[in-house]
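Enquirer: The structure that follows is given in the form of structure tokens.
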Amino acid sequence: MLTGKLTRLRALEPTDAESLARWLDDPVVSHWMVNDYPMSLAQVVKRCEERPRNTYGNLVLCIESLREKRALGVIALIGAEPESGWAEMSIYIGEPDFRSGGYGTDALRVVCRYGFDQMRLHGIWLVVVSENAGARRVYEKVGFVEEGRQRQRFYRDGKWHDLVMMSLLADELID
Ligand SMILES: CC(C)(COP(=O)(O)OP(=O)(O)OC[C@H]1O[C@@H](n2cnc3c(N)ncnc32)[C@H](O)[C@@H]1OP(=O)(O)O)[C@@H](O)C(=O)NCCC(=O)NCCS
């Protein structure tokens, strides 16, 4: 159910803590993402151990390569409510060797399909920094469309950047 052509999505394990700490410390991952203040490995380990189980409203999954069974990154559907039928998606590929290899697009398709088919969501939304061209390309490939902008909401590299709001309806997923 949570398997695509290149990736499988699974629950995060406490043994993923070292990878998570390394990924969160990578400037490529953090550059266009809203992130926490730096965390020690011990803090990441603790967070992994204490992570609550996945639920309808808080689904956080590890992206694993199907072939090598290697942990590559994280994808999440957060804030789903049966009343609204909507959830927010976020993603990153933490392993540098696996970026730009189609893994992000594949994992995104898998989580969207799961959201629409199993969770019966009506739509999935996300926020991306306007200049994050690679991520926007991935979202557009899967069918997300821009629905508006929040002007100058994200500060990086000494200047303010717009945030682009994008969404995908259940019948718009491009497989
Ligand atoms: C965004 C991210 C999840 C995409 O995953 P990925 O596995 O690297 O992406 P894919 O290989 O599936 O697809 C990348 C696509 O973007 C395109 N792309 C990459 N850089 C680009 C750029 N600067 N401008 C335009 N397109 C670009 C690639 O050509 C490819 O499209 P194509 O298949 O049509 O050729 C990943 O790069 C990542 O984790 N980035 C850092 C964290 C981040 O920005 N997360 C998103 C926050 S909203």
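Each chain in the structure tokens gets a letter, A, B and so on, in the order shown; residues start at 1 in every chain, and ligands are counted from 1 in the order they appear.
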What do you get as an MDAnalysis selection string if you pick all residues at most 9 Å from ligand 1, counting only C-alpha atoms and all ligand atoms?

Expert: chainID A and resid 27:34 73:75 89:96 98:108 126:129 131:139 141

Enquirer: Need to verify the contact set: Gly148 of chain A, 9 Å, only C-alpha atoms, exclusion of same-chain residues closer than 3 positions in sequence. Can you return it as number ranges by chain?

Expert: A: 163-166

Enquirer: So which one's closest to Arg120 of chain A, A:Leu66, A:Leu12, A:Ala80, A:Val45? Using only C-alpha atoms, please.

Expert: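 That would be A:Ala80, the residue with the smallest distance to Arg120 of chain A.
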
Enquirer: Mind listing the strand (DSSP E) residues of segment 4-168 of chain A, per DSSP on the backbone, as an MDAnalysis selection string?

Expert: chainID A and resid 7:11 58:65 71:78 86:93 123:129 145:156 159:168

Enquirer: Hey, which of A:Leu168, A:Val110, A:Val44, A:Met119 ends up closest to Leu61 of chain A? Count only C-alpha atoms.

Expert: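 Answer, going by the shortest atom-to-atom distance: A:Val110.
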
Enquirer: Per DSSP on the backbone, filter segment 21-117 of chain A down to the residues in helix (DSSP H, G or I) and report them as a PyMOL selection string.

Expert: chain A and resi 21-24+27-30+41-50+96-98+103-117
